[in-house]
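Asks: Sending over model_26.cif (mmCIF, C-alpha atoms).
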data_entry
loop_
_atom_site.label_atom_id
_atom_site.label_comp_id
_atom_site.auth_asym_id
_atom_site.auth_seq_id
_atom_site.Cartn_x
_atom_site.Cartn_y
_atom_site.Cartn_z
CA MET U 11 97.46 99.81 37.80
CA LYS U 12 93.96 101.01 37.01
CA THR U 13 93.74 103.17 33.92
CA GLU U 14 90.81 105.52 33.43
CA ARG U 15 89.90 106.47 29.90
CA THR U 16 88.80 110.01 29.22
CA THR U 17 85.65 110.69 27.24
CA ASP U 18 87.74 112.05 24.36
CA GLU U 19 89.75 108.84 24.24
CA LEU U 20 86.56 106.79 24.34
CA ILE U 21 85.16 108.72 21.36
CA GLY U 22 88.36 107.91 19.47
CA VAL U 23 87.98 104.21 20.26
CA LEU U 24 84.30 104.18 19.24
CA ARG U 25 85.14 106.00 16.01
CA GLN U 26 87.68 103.33 15.14
CA GLY U 27 85.22 100.54 15.96
CA LEU U 28 82.46 101.90 13.72
CA ALA U 29 80.93 99.51 11.22
CA PRO U 30 77.91 100.16 8.99
CA VAL U 31 74.59 98.99 10.46
CA ARG U 32 71.17 98.51 8.96
CA PRO U 33 68.48 100.29 11.01
CA LEU U 34 65.77 98.02 12.38
CA ARG U 35 62.49 98.09 10.53
CA PRO U 36 59.52 99.72 12.36
CA PRO U 37 58.33 97.60 15.31
CA MET U 38 54.81 97.20 13.92
CA LEU U 39 56.19 95.73 10.71
CA ARG U 40 58.54 93.40 12.58
CA ALA U 41 55.78 92.25 14.93
CA LEU U 42 53.36 91.59 12.07
CA SER U 43 56.05 89.67 10.17
CA TRP U 44 56.64 87.46 13.20
CA LEU U 45 52.92 86.95 13.79
CA GLY U 46 52.46 86.15 10.09
CA LEU U 47 55.17 83.49 10.21
CA VAL U 48 53.66 81.95 13.35
CA THR U 49 50.18 82.02 11.77
CA LEU U 50 51.48 80.09 8.78
CA VAL U 51 53.16 77.39 10.84
CA VAL U 52 50.50 77.06 13.55
CA GLY U 53 47.66 77.42 11.04
CA ALA U 54 49.05 74.52 9.02
CA ALA U 55 49.26 72.40 12.19
CA VAL U 56 45.69 73.30 13.19
CA LEU U 57 44.34 72.47 9.74
CA ARG U 58 46.25 69.21 9.75
CA TRP U 59 45.46 67.91 13.26
CA ALA U 60 42.59 69.89 14.82
CA ASN U 61 39.02 68.59 14.75
CA PRO U 62 36.83 70.95 12.61
CA ALA U 63 33.77 69.94 14.61
CA ILE U 64 35.34 71.28 17.80
CA ILE U 65 36.20 74.56 16.11
CA ALA U 66 32.66 74.93 14.76
CA ALA U 67 31.15 74.13 18.18
CA ARG U 68 33.38 76.60 20.00
CA THR U 69 32.78 79.49 17.64
CA ALA U 70 29.01 78.92 17.63
CA GLU U 71 28.62 80.00 21.26
CA ALA U 72 29.15 83.71 21.89
CA ARG U 73 30.99 83.33 25.21
CA LEU U 74 33.39 80.73 23.84
CA ALA U 75 34.02 82.82 20.75
CA LEU U 76 34.72 85.84 22.97
CA GLU U 77 37.08 83.77 25.12
CA CYS U 78 39.03 82.65 22.04
CA ALA U 79 39.12 86.19 20.67
CA ALA U 80 40.34 87.57 24.00
CA ALA U 81 43.16 85.01 24.18
CA LEU U 82 44.17 85.82 20.61
CA LEU U 83 44.02 89.56 21.24
CA THR U 84 46.10 89.16 24.41
CA GLY U 85 48.73 87.31 22.41
CA ILE U 86 48.82 89.86 19.61
CA THR U 87 48.94 92.95 21.85
CA ALA U 88 51.58 91.39 24.12
CA VAL U 89 53.80 90.53 21.15
CA LEU U 90 53.32 94.06 19.74
CA ALA U 91 54.15 95.52 23.15
CA ALA U 92 57.33 93.44 23.37
CA PHE U 93 58.53 94.79 20.00
CA TYR U 94 57.76 98.40 20.94
CA LEU U 95 59.25 98.14 24.45
CA SER U 96 62.49 96.71 23.06
CA LEU U 97 63.28 100.14 21.55
CA PRO U 98 64.55 102.99 23.74
CA ASP U 99 62.44 105.82 22.27
CA ARG U 100 58.98 104.22 22.36
CA THR U 101 56.46 104.94 25.08
CA ARG U 102 56.61 102.68 28.11
CA LEU U 103 52.81 102.69 28.23
CA TRP U 104 52.98 99.76 25.82
CA ARG U 105 53.52 97.52 28.84
CA TYR U 106 49.88 98.05 29.79
CA ALA U 107 48.48 97.31 26.32
CA PRO U 108 47.89 93.56 26.89
CA LEU U 109 46.02 94.11 30.17
CA PRO U 110 42.46 94.83 28.82
CA PRO U 111 42.29 91.72 26.58
CA LEU U 112 43.99 89.69 29.35
CA LEU U 113 41.30 90.71 31.84
CA LEU U 114 38.59 89.94 29.26
CA TRP U 115 40.15 86.52 28.63
CA ILE U 116 40.31 85.68 32.35
CA GLY U 117 36.78 87.05 32.83
CA THR U 118 35.18 85.04 30.05
CA SER U 119 37.05 81.89 31.08
CA GLY U 120 35.95 82.42 34.68
CA LEU U 121 32.35 82.89 33.55
CA GLY U 122 32.59 79.61 31.66
CA CYS U 123 33.87 77.87 34.78
CA LEU U 124 30.91 79.14 36.81
CA GLN U 125 28.36 78.08 34.16
CA TYR U 126 29.95 74.67 33.65
CA GLY U 127 30.48 74.04 37.36
CA ALA U 128 26.93 75.09 38.22
CA GLY U 129 25.46 72.91 35.46
CA LEU U 130 27.37 69.74 36.19
CA GLY U 131 27.81 69.97 39.96
CA PRO U 132 30.79 68.06 41.35
CA ALA U 133 31.99 67.20 37.83
CA GLY U 134 32.92 70.84 37.40
CA ASP U 135 36.01 70.40 39.52
CA ARG U 136 37.33 67.31 37.72
CA LEU U 137 41.02 67.17 36.96
CA GLY U 138 40.47 65.40 33.61
CA GLU U 139 42.61 66.68 30.77
CA SER U 140 43.94 69.70 32.66
CA SER U 141 47.47 68.36 32.91
CA HIS U 142 47.47 67.90 29.13
CA CYS U 143 46.35 71.52 28.72
CA PHE U 144 49.18 72.63 30.96
CA MET U 145 51.76 70.67 28.99
CA PHE U 146 50.28 71.82 25.68
CA ILE U 147 50.60 75.51 26.56
CA VAL U 148 54.13 75.13 27.94
CA LEU U 149 55.37 72.99 25.05
CA VAL U 150 53.86 75.18 22.34
CA SER U 151 55.07 78.35 24.07
CA ALA U 152 58.68 77.17 24.32
CA PRO U 153 59.58 77.16 20.58
CA LEU U 154 57.52 80.30 19.99
CA ALA U 155 59.38 82.04 22.82
CA VAL U 156 62.77 81.00 21.40
CA LEU U 157 61.74 82.33 17.99
CA LEU U 158 60.44 85.59 19.46
CA TYR U 159 63.52 86.08 21.66
CA ALA U 160 65.77 85.58 18.63
CA VAL U 161 64.00 88.45 16.85
CA LEU U 162 63.64 90.73 19.87
CA ARG U 163 67.26 90.48 20.98
CA ARG U 164 68.36 92.25 17.81
CA ALA U 165 67.17 95.46 19.50
CA ARG U 166 69.29 94.75 22.62
CA PRO U 167 66.63 96.25 24.90
CA LEU U 168 67.89 98.51 27.67
CA GLU U 169 65.14 97.17 29.94
CA PRO U 170 64.89 93.46 29.16
CA PHE U 171 62.47 92.57 31.97
CA PRO U 172 59.20 94.13 30.66
CA VAL U 173 60.12 93.00 27.15
CA ALA U 174 60.60 89.41 28.36
CA LEU U 175 57.33 89.48 30.32
CA CYS U 176 55.30 90.81 27.39
CA ALA U 177 56.93 88.35 25.00
CA ALA U 178 56.18 85.43 27.32
CA LEU U 179 52.60 86.54 27.88
CA GLY U 180 52.23 86.85 24.12
CA VAL U 181 53.45 83.35 23.28
CA ALA U 182 51.58 81.77 26.21
CA ALA U 183 48.31 83.47 25.19
CA LEU U 184 48.80 82.41 21.57
CA ALA U 185 49.46 78.85 22.74
CA ALA U 186 46.30 78.99 24.89
CA PHE U 187 44.38 80.24 21.83
CA VAL U 188 45.68 77.37 19.70
CA LEU U 189 44.72 74.99 22.51
CA GLN U 190 41.07 75.94 21.97
CA PHE U 191 41.15 74.04 18.66
CA PHE U 192 42.15 70.86 20.46
CA HIS U 193 39.99 71.33 23.57
CA PRO U 194 37.02 68.96 23.28
CA PHE U 195 35.31 70.17 26.46
CA ASP U 196 34.29 73.36 28.18
CA THR U 197 36.63 75.04 30.63
CA THR U 198 36.33 73.94 34.26
CA VAL U 199 37.82 75.65 37.30
CA ILE U 200 40.70 73.20 37.23
CA ASP U 201 41.20 73.78 33.49
CA LEU U 202 41.26 77.51 33.95
CA SER U 203 43.73 77.11 36.81
CA ALA U 204 45.90 74.88 34.61
CA HIS U 205 45.78 77.42 31.77
CA LEU U 206 46.67 80.31 34.05
CA ALA U 207 49.36 78.25 35.80
CA ALA U 208 50.90 77.39 32.43
CA VAL U 209 50.84 81.04 31.37
CA ALA U 210 52.37 82.02 34.73
CA VAL U 211 55.10 79.38 34.38
CA VAL U 212 55.98 80.59 30.87
CA VAL U 213 56.01 84.23 32.01
CA ALA U 214 58.16 83.37 35.06
CA LEU U 215 60.64 81.38 32.95
CA ALA U 216 60.85 84.24 30.47
CA GLY U 217 61.41 86.70 33.31
CA LEU U 218 64.28 84.58 34.59
CA SER U 219 65.83 84.30 31.15
CA ARG U 220 65.56 88.02 30.36
CA ARG U 221 69.35 88.31 30.17
CA ALA U 222 69.16 86.38 26.90
CA LEU U 223 67.62 89.52 25.41
CA ALA U 224 70.31 91.97 26.54
CA MET B 12 68.36 133.10 16.43
CA ALA B 13 65.38 131.85 18.46
CA PRO B 14 66.13 128.87 20.78
CA ASP B 15 63.45 126.77 19.05
CA ASN B 16 65.05 127.30 15.66
CA GLN B 17 68.47 126.55 17.10
CA SER B 18 67.31 123.26 18.63
CA GLN B 19 65.59 122.32 15.37
CA LEU B 20 68.80 122.96 13.46
CA GLN B 21 70.77 120.96 16.01
CA GLU B 22 68.25 118.11 15.79
CA ALA B 23 68.49 118.10 11.99
CA ALA B 24 72.29 118.14 12.12
CA TRP B 25 72.45 115.27 14.62
CA ALA B 26 69.95 113.23 12.61
CA ARG B 27 72.01 113.77 9.44
CA LEU B 28 75.25 112.80 11.22
CA MET B 29 73.68 109.72 12.83
CA SER B 30 72.23 108.62 9.53
CA ALA B 31 75.70 108.90 7.96
CA ALA B 32 77.21 107.07 10.97
CA GLN B 33 74.78 104.18 10.47
CA GLN B 34 76.22 103.88 6.98
CA GLY B 35 79.75 103.74 8.39
CA ASP B 36 80.99 107.34 8.01
CA THR B 37 83.58 107.63 10.79
CA ASN B 38 84.10 111.40 10.47
CA CYS B 39 80.38 112.10 10.86
CA TYR B 40 80.26 109.66 13.76
CA GLU B 41 83.07 111.39 15.63
CA GLN B 42 81.48 114.78 14.95
CA LEU B 43 78.17 113.47 16.28
CA LEU B 44 79.70 111.96 19.44
CA ARG B 45 81.58 115.17 20.20
CA GLY B 46 78.44 117.19 19.53
CA ILE B 47 76.13 115.16 21.75
CA THR B 48 78.55 114.79 24.68
CA PRO B 49 77.71 118.19 26.30
CA PHE B 50 74.00 117.41 25.84
CA ILE B 51 74.43 114.01 27.52
CA ARG B 52 76.50 115.64 30.28
CA SER B 53 73.70 118.09 31.03
CA LEU B 54 71.18 115.24 31.17
CA THR B 55 73.27 112.97 33.40
CA ARG B 56 73.81 115.73 35.99
CA ARG B 57 70.16 115.28 36.89
CA TYR B 58 70.96 111.77 38.07
CA CYS B 59 74.49 112.20 39.38
CA ARG B 60 75.83 115.23 41.26
CA ASN B 61 79.36 113.92 41.58
CA PRO B 62 81.13 115.18 38.40
CA GLN B 63 83.41 112.15 38.17
CA LEU B 64 80.53 109.68 38.49
CA ALA B 65 78.48 111.79 36.04
CA GLU B 66 81.32 111.47 33.53
CA ASP B 67 81.20 107.69 33.99
CA VAL B 68 77.51 107.82 33.07
CA VAL B 69 78.35 109.99 30.02
CA GLN B 70 80.77 107.31 28.84
CA ASP B 71 78.21 104.62 29.58
CA VAL B 72 75.68 106.48 27.41
CA LEU B 73 78.20 106.86 24.57
CA LEU B 74 78.96 103.13 24.71
CA THR B 75 75.24 102.33 24.65
CA VAL B 76 74.68 104.68 21.71
CA HIS B 77 77.42 102.81 19.87
CA ARG B 78 76.01 99.38 20.78
CA ILE B 79 72.40 100.05 19.80
CA ARG B 80 72.87 102.65 17.05
CA HIS B 81 70.88 100.41 14.69
CA THR B 82 67.74 100.91 16.82
CA TRP B 83 67.43 104.57 15.81
CA ASP B 84 64.96 104.92 12.96
CA PRO B 85 66.10 107.71 10.57
CA ARG B 86 62.44 108.66 10.08
CA ARG B 87 62.13 109.56 13.77
CA PRO B 88 63.72 112.41 15.77
CA PHE B 89 67.17 111.71 17.20
CA SER B 90 67.11 113.69 20.48
CA PRO B 91 64.30 111.71 22.21
CA TRP B 92 66.11 108.48 21.31
CA LEU B 93 69.33 109.81 22.84
CA ALA B 94 67.58 111.32 25.88
CA SER B 95 65.84 108.03 26.72
CA ILE B 96 69.19 106.19 26.62
CA ALA B 97 70.73 108.82 28.91
CA ALA B 98 67.76 108.60 31.30
CA ARG B 99 67.99 104.81 31.37
CA ARG B 100 71.70 104.83 32.10
CA GLY B 101 71.23 107.54 34.75
CA ILE B 102 68.57 105.48 36.50
CA ASP B 103 70.83 102.41 36.30
CA ARG B 104 73.57 104.42 38.03
CA ILE B 105 71.22 105.55 40.82
CA ARG B 106 70.11 101.96 41.37
CA ARG B 107 73.69 100.70 41.42
CA ASP B 108 74.78 103.39 43.88
CA SER B 109 71.85 102.74 46.21
CA ARG B 110 72.53 98.99 46.05
CA ILE B 111 76.16 99.59 46.99
CA ALA B 112 75.12 101.98 49.77
CA ARG B 113 72.77 99.32 51.19
CA HIS B 114 75.38 96.57 51.33
CA GLU B 115 78.70 98.34 51.88
CA VAL B 116 80.07 100.61 54.63
CA SER B 117 82.79 103.11 53.81
CA HIS B 118 85.30 104.45 56.33
CA GLU B 119 87.56 107.40 55.83
CA LEU B 120 90.30 105.67 57.82
CA VAL B 121 90.90 102.01 57.26
CA PRO B 122 93.36 100.50 59.78
CA GLU B 123 95.18 98.14 57.45
CA THR B 124 98.48 96.36 57.92
CA PHE B 125 100.13 95.07 54.79
CA ALA B 126 102.54 92.21 54.33
CA VAL B 127 105.17 94.46 52.80
CA ALA B 128 106.74 96.72 55.44
CA ALA B 129 107.17 99.64 53.04
CA THR B 130 103.41 99.97 52.55
CA ASN B 131 102.67 100.23 56.25
CA ASN B 132 101.91 103.55 57.82
CA GLU B 133 104.65 104.62 60.21
CA SER B 134 102.14 106.15 62.57
CA GLY B 135 101.25 102.63 63.74
CA ALA B 136 104.81 102.03 64.93
CA LEU B 137 104.91 105.47 66.61
CA ARG B 138 101.70 104.68 68.49
CA ALA B 139 103.21 101.36 69.66
CA VAL B 140 106.29 103.16 71.07
CA GLU B 141 104.06 105.68 72.84
CA ALA B 142 102.07 102.84 74.38
CA ILE B 143 105.14 101.03 75.63
CA GLU B 144 106.87 104.08 77.16
CA PRO B 145 105.19 103.86 80.62
CA LEU B 146 106.12 100.19 80.77
CA LEU B 147 109.77 100.94 79.90
CA ALA B 148 109.87 103.49 82.70
CA ALA B 149 109.00 100.72 85.15
CA LEU B 150 112.08 98.67 84.18
CA PRO B 151 115.40 98.85 86.05
CA GLU B 152 117.71 101.48 84.54
CA ARG B 153 120.27 99.09 82.99
CA GLN B 154 117.61 96.85 81.44
CA ARG B 155 115.71 99.84 80.05
CA ARG B 156 118.79 101.41 78.43
CA ALA B 157 119.87 98.06 76.94
CA LEU B 158 116.41 97.44 75.47
CA GLU B 159 116.11 100.96 74.05
CA ALA B 160 119.54 100.76 72.42
CA ILE B 161 119.14 97.29 70.86
CA LYS B 162 115.41 96.82 70.16
CA ILE B 163 114.07 100.34 69.66
CA ARG B 164 116.98 102.32 68.22
CA GLY B 165 118.35 99.27 66.42
CA LEU B 166 122.01 99.66 67.42
CA SER B 167 124.39 96.75 67.09
CA LEU B 168 125.65 95.06 70.27
CA ALA B 169 129.12 96.66 69.80
CA GLN B 170 127.64 100.14 69.32
CA ALA B 171 125.33 99.74 72.30
CA ALA B 172 128.20 98.42 74.43
CA SER B 173 130.42 101.41 73.68
CA GLU B 174 127.57 103.85 74.23
CA SER B 175 126.24 102.40 77.47
CA GLY B 176 129.51 101.19 78.96
CA GLN B 177 128.04 97.69 79.46
CA SER B 178 129.75 94.60 78.14
CA VAL B 179 128.21 92.71 75.20
CA GLY B 180 127.36 89.80 77.49
CA ALA B 181 125.75 92.10 80.05
CA LEU B 182 123.71 93.79 77.28
CA LYS B 183 122.40 90.42 76.06
CA VAL B 184 121.41 89.42 79.59
CA ASN B 185 119.77 92.79 80.28
CA VAL B 186 117.82 92.78 76.97
CA HIS B 187 116.62 89.25 77.72
CA ARG B 188 115.53 90.20 81.22
CA ALA B 189 113.88 93.42 80.00
CA VAL B 190 111.81 91.55 77.41
CA LYS B 191 110.78 89.00 80.01
CA ALA B 192 109.81 91.76 82.45
CA LEU B 193 107.88 93.63 79.74
CA ARG B 194 105.93 90.51 78.89
CA ALA B 195 104.97 90.19 82.53
CA LEU B 196 104.00 93.89 82.66
CA VAL B 197 101.93 93.68 79.45
CA GLY B 198 100.14 90.64 80.86
CA THR B 199 99.36 92.55 84.04
CA VAL B 200 98.02 95.55 82.04
CA ASP B 201 95.85 93.28 79.86
CA GLN B 202 94.36 91.59 82.91
CA THR B 203 93.63 94.96 84.52
CA GLU B 204 91.92 96.22 81.33
CA ASP B 205 89.88 93.00 81.08
CA GLN B 206 88.55 93.54 84.60
#
What's the structure tokens form of this structure?
Replies:
Amino acid sequence: MKTERTTDELIGVLRQGLAPVRPLRPPMLRALSWLGLVTLVVGAAVLRWANPAIIAARTAEARLALECAAALLTGITAVLAAFYLSLPDRTRLWRYAPLPPLLLWIGTSGLGCLQYGAGLGPAGDRLGESSHCFMFIVLVSAPLAVLLYAVLRRARPLEPFPVALCAALGVAALAAFVLQFFHPFDTTVIDLSAHLAAVAVVVALAGLSRRALA
Amino acid sequence: MAPDNQSQLQEAAWARLMSAAQQGDTNCYEQLLRGITPFIRSLTRRYCRNPQLAEDVVQDVLLTVHRIRHTWDPRRPFSPWLASIAARRGIDRIRRDSRIARHEVSHELVPETFAVAATNNESGALRAVEAIEPLLAALPERQRRALEAIKIRGLSLAQAASESGQSVGALKVNVHRAVKALRALVGTVDQTEDQ
């Protein structure tokens, strides 16, 4: 027989099941803590394995520096957005925060493709190392995503989908930023496609696994 | 007291109770839940007109408040936090209802027949008797009376024999013939309806 509990009875049950909880720290603080931890780990790896000459060459040119900055900014704003969106009383406008740096990142990368393709002719569409770039972004994103999900799921977001998408965009953009330190050549059309495809794959996988956050 | 002042006092009281509830004070928690229930009820009516379904949403909101009570920051106002949970759960209910409405059809009358005889509606049997009456009228008198006594009224052979004045053997033969004739008549009716 189906039994229906009245609201008064439910309140009694919830009262009995009450345990002390520690309120979550502010989302900005939690996001910065996570980013700080990732910076330590990834920074150590970059210092250990990346080629300093590549880093110097990439930061010397304004467009490349802007491209790197845009990828980094996309990652940071997307991670911040994921932390804010995981809470019920924060504005939902946070979901649009990563869009400006994302558009700048795609724009500067696209500009690089045009310059490189126009300068080198048919070589601009070479496949080259693109598959490695794809694998790099996916493989670096995966542990970062697991780490970020573990922190975000503490908030048990009521709307896991936008949180998962922002989190995935964040880790994929950070992975693409780290890739710049190991990328010994300019971005071609195929490279850009591989980068975007990798980001899309990570975002799609995160979207599918959004229930892990709830 | 001005409404603004009243809502500020209510907000302060709820925030104090919620803060105590986060530390495990069960009395404050119960007081808070009882205090916010009418507020939640008024919010959920925007999403659900049916009072019973609205009460389901109220309970859903209370469960969610319990589950994510650690996400409320004591430095922030309590009411917007609660209102956004209520809005979310209300929207979830609308989505669920519209999904059900898209994929399911409801009928006021569902013609069901259950395995257990006691659960069946007697009107079905009454309609069957009404349908068979014209066919019974077409049977010879002795066959019709025998069939009615044994198969419809459920009398025993002895009772039917004493009532109708027929012998038990004659009753058996007449019931058998009546059933056979009815089968033939039903077949004829079915064929006519098919055409």
Asks: Please identify all polymer residues within 12 Å of U:Asp18, counting all atoms listed in the file, omitting same-chain residues fewer than 6 positions from it, and present them as an MDAnalysis selection string.
Replies: (chainID U and resid 24:25) or (chainID B and resid 41:42 44:46 48:49 66 69:70 73)
Asks: Please identify all polymer residues within 12 Å of B:Val184, counting all atoms listed in the file, omitting same-chain residues fewer than 3 positions from it, and present them as a PDB file with C-alpha atoms, in the frame of the given file.
Replies:
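The new file around28.pdb reads:
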ATOM      1  CA  ARG B 153     120.270  99.090  82.990  1.00  0.00           C
ATOM      2  CA  GLN B 154     117.610  96.850  81.440  1.00  0.00           C
ATOM      3  CA  ARG B 155     115.710  99.840  80.050  1.00  0.00           C
ATOM      4  CA  ALA B 157     119.870  98.060  76.940  1.00  0.00           C
ATOM      5  CA  LEU B 158     116.410  97.440  75.470  1.00  0.00           C
ATOM      6  CA  ILE B 161     119.140  97.290  70.860  1.00  0.00           C
ATOM      7  CA  LEU B 168     125.650  95.060  70.270  1.00  0.00           C
ATOM      8  CA  GLN B 177     128.040  97.690  79.460  1.00  0.00           C
ATOM      9  CA  SER B 178     129.750  94.600  78.140  1.00  0.00           C
ATOM     10  CA  VAL B 179     128.210  92.710  75.200  1.00  0.00           C
ATOM     11  CA  GLY B 180     127.360  89.800  77.490  1.00  0.00           C
ATOM     12  CA  ALA B 181     125.750  92.100  80.050  1.00  0.00           C
ATOM     13  CA  HIS B 187     116.620  89.250  77.720  1.00  0.00           C
ATOM     14  CA  ARG B 188     115.530  90.200  81.220  1.00  0.00           C
ATOM     15  CA  ALA B 189     113.880  93.420  80.000  1.00  0.00           C
ATOM     16  CA  VAL B 190     111.810  91.550  77.410  1.00  0.00           C
ATOM     17  CA  LYS B 191     110.780  89.000  80.010  1.00  0.00           C
TER      18      LYS B 191
END
Asks: Rounded to one decimal, what separation in Å do you get between atom CA of U:Arg163 and atom CA of U:Ser96?
Replies: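 Calculated distance between atom CA of U:Arg163 and atom CA of U:Ser96 is 8.1 Å.
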Asks: Would you translate the PyMOL selection byres ((chain B) within 10 of (chain U)) into the concrete set of residues it matches in this file, as a PyMOL selection string?
Replies: chain B and resi 30-45+48+66-67+69-71+73-100+103
Asks: Can I get the selection written as a PDB file, in the coordinates of the input, with C-alpha atoms?
Replies:
ATOM      1  CA  SER B  30      72.230 108.620   9.530  1.00  0.00           C
ATOM      2  CA  ALA B  31      75.700 108.900   7.960  1.00  0.00           C
ATOM      3  CA  ALA B  32      77.210 107.070  10.970  1.00  0.00           C
ATOM      4  CA  GLN B  33      74.780 104.180  10.470  1.00  0.00           C
ATOM      5  CA  GLN B  34      76.220 103.880   6.980  1.00  0.00           C
ATOM      6  CA  GLY B  35      79.750 103.740   8.390  1.00  0.00           C
ATOM      7  CA  ASP B  36      80.990 107.340   8.010  1.00  0.00           C
ATOM      8  CA  THR B  37      83.580 107.630  10.790  1.00  0.00           C
ATOM      9  CA  ASN B  38      84.100 111.400  10.470  1.00  0.00           C
ATOM     10  CA  CYS B  39      80.380 112.100  10.860  1.00  0.00           C
ATOM     11  CA  TYR B  40      80.260 109.660  13.760  1.00  0.00           C
ATOM     12  CA  GLU B  41      83.070 111.390  15.630  1.00  0.00           C
ATOM     13  CA  GLN B  42      81.480 114.780  14.950  1.00  0.00           C
ATOM     14  CA  LEU B  43      78.170 113.470  16.280  1.00  0.00           C
ATOM     15  CA  LEU B  44      79.700 111.960  19.440  1.00  0.00           C
ATOM     16  CA  ARG B  45      81.580 115.170  20.200  1.00  0.00           C
ATOM     17  CA  THR B  48      78.550 114.790  24.680  1.00  0.00           C
ATOM     18  CA  GLU B  66      81.320 111.470  33.530  1.00  0.00           C
ATOM     19  CA  ASP B  67      81.200 107.690  33.990  1.00  0.00           C
ATOM     20  CA  VAL B  69      78.350 109.990  30.020  1.00  0.00           C
ATOM     21  CA  GLN B  70      80.770 107.310  28.840  1.00  0.00           C
ATOM     22  CA  ASP B  71      78.210 104.620  29.580  1.00  0.00           C
ATOM     23  CA  LEU B  73      78.200 106.860  24.570  1.00  0.00           C
ATOM     24  CA  LEU B  74      78.960 103.130  24.710  1.00  0.00           C
ATOM     25  CA  THR B  75      75.240 102.330  24.650  1.00  0.00           C
ATOM     26  CA  VAL B  76      74.680 104.680  21.710  1.00  0.00           C
ATOM     27  CA  HIS B  77      77.420 102.810  19.870  1.00  0.00           C
ATOM     28  CA  ARG B  78      76.010  99.380  20.780  1.00  0.00           C
ATOM     29  CA  ILE B  79      72.400 100.050  19.800  1.00  0.00           C
ATOM     30  CA  ARG B  80      72.870 102.650  17.050  1.00  0.00           C
ATOM     31  CA  HIS B  81      70.880 100.410  14.690  1.00  0.00           C
ATOM     32  CA  THR B  82      67.740 100.910  16.820  1.00  0.00           C
ATOM     33  CA  TRP B  83      67.430 104.570  15.810  1.00  0.00           C
ATOM     34  CA  ASP B  84      64.960 104.920  12.960  1.00  0.00           C
ATOM     35  CA  PRO B  85      66.100 107.710  10.570  1.00  0.00           C
ATOM     36  CA  ARG B  86      62.440 108.660  10.080  1.00  0.00           C
ATOM     37  CA  ARG B  87      62.130 109.560  13.770  1.00  0.00           C
ATOM     38  CA  PRO B  88      63.720 112.410  15.770  1.00  0.00           C
ATOM     39  CA  PHE B  89      67.170 111.710  17.200  1.00  0.00           C
ATOM     40  CA  SER B  90      67.110 113.690  20.480  1.00  0.00           C
ATOM     41  CA  PRO B  91      64.300 111.710  22.210  1.00  0.00           C
ATOM     42  CA  TRP B  92      66.110 108.480  21.310  1.00  0.00           C
ATOM     43  CA  LEU B  93      69.330 109.810  22.840  1.00  0.00           C
ATOM     44  CA  ALA B  94      67.580 111.320  25.880  1.00  0.00           C
ATOM     45  CA  SER B  95      65.840 108.030  26.720  1.00  0.00           C
ATOM     46  CA  ILE B  96      69.190 106.190  26.620  1.00  0.00           C
ATOM     47  CA  ALA B  97      70.730 108.820  28.910  1.00  0.00           C
ATOM     48  CA  ALA B  98      67.760 108.600  31.300  1.00  0.00           C
ATOM     49  CA  ARG B  99      67.990 104.810  31.370  1.00  0.00           C
ATOM     50  CA  ARG B 100      71.700 104.830  32.100  1.00  0.00           C
ATOM     51  CA  ASP B 103      70.830 102.410  36.300  1.00  0.00           C
TER      52      ASP B 103
END
Asks: Work out how far atom CA of B:Arg52 is from atom CA of B:Arg113, in Å to one decimal.
Replies: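 Distance reported for this atom pair: 26.8 Å.
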Asks: Atom CA of U:Leu114 and atom CA of U:Ala183 are how many Å apart?
Replies: 12.4 Å
Asks: Which residue gives the smallest distance to U:Phe191 among U:Pro111, U:Gly53, U:Pro170, U:Gly46, with only C-alpha atoms counted?
Replies: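 Result for the nearest residue to U:Phe191: U:Gly53.
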Asks: I'd like to know which of B:Arg194, B:Arg107, B:Lys162, B:His114 is closest to B:Leu150, using only C-alpha atoms.
Replies: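 Smallest distance to B:Leu150 is found for B:Arg194.
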Asks: As a list of chain:residue names, please: the residues near stretch 142-153 of chain U (cut-off 8 Å, all atoms listed in the file, same-chain neighbours under 2 positions excluded).
Replies: U:Glu139, U:Ser140, U:Ala155, U:Val156, U:Leu157, U:Ala178, U:Val181, U:Ala182, U:Leu184, U:Ala185, U:Ala186, U:Leu189, U:Asp201, U:Ala204, U:His205, U:Ala207, U:Ala208, U:Val209, U:Val211, U:Val212
Asks: Selected residues, C-alpha atoms, written as a short mmCIF file (atom, residue, chain, number, x, y, z; two decimals), in the coordinates of the input, please.
Replies:
data_model
loop_
_atom_site.label_atom_id
_atom_site.label_comp_id
_atom_site.auth_asym_id
_atom_site.auth_seq_id
_atom_site.Cartn_x
_atom_site.Cartn_y
_atom_site.Cartn_z
CA GLU U 139 42.61 66.68 30.77
CA SER U 140 43.94 69.70 32.66
CA ALA U 155 59.38 82.04 22.82
CA VAL U 156 62.77 81.00 21.40
CA LEU U 157 61.74 82.33 17.99
CA ALA U 178 56.18 85.43 27.32
CA VAL U 181 53.45 83.35 23.28
CA ALA U 182 51.58 81.77 26.21
CA LEU U 184 48.80 82.41 21.57
CA ALA U 185 49.46 78.85 22.74
CA ALA U 186 46.30 78.99 24.89
CA LEU U 189 44.72 74.99 22.51
CA ASP U 201 41.20 73.78 33.49
CA ALA U 204 45.90 74.88 34.61
CA HIS U 205 45.78 77.42 31.77
CA ALA U 207 49.36 78.25 35.80
CA ALA U 208 50.90 77.39 32.43
CA VAL U 209 50.84 81.04 31.37
CA VAL U 211 55.10 79.38 34.38
CA VAL U 212 55.98 80.59 30.87
#
Asks: Skipping near chain neighbours, those fewer than 6 positions away, what residues fall within 8 Å of U:Leu162 using only C-alpha atoms, listed as a short mmCIF file (atom, residue, chain, number, x, y, z; two decimals) with C-alpha atoms, in the frame of the given file?
Replies:
data_model
loop_
_atom_site.label_atom_id
_atom_site.label_comp_id
_atom_site.auth_asym_id
_atom_site.auth_seq_id
_atom_site.Cartn_x
_atom_site.Cartn_y
_atom_site.Cartn_z
CA ALA U 92 57.33 93.44 23.37
CA PHE U 93 58.53 94.79 20.00
CA SER U 96 62.49 96.71 23.06
CA LEU U 223 67.62 89.52 25.41
#
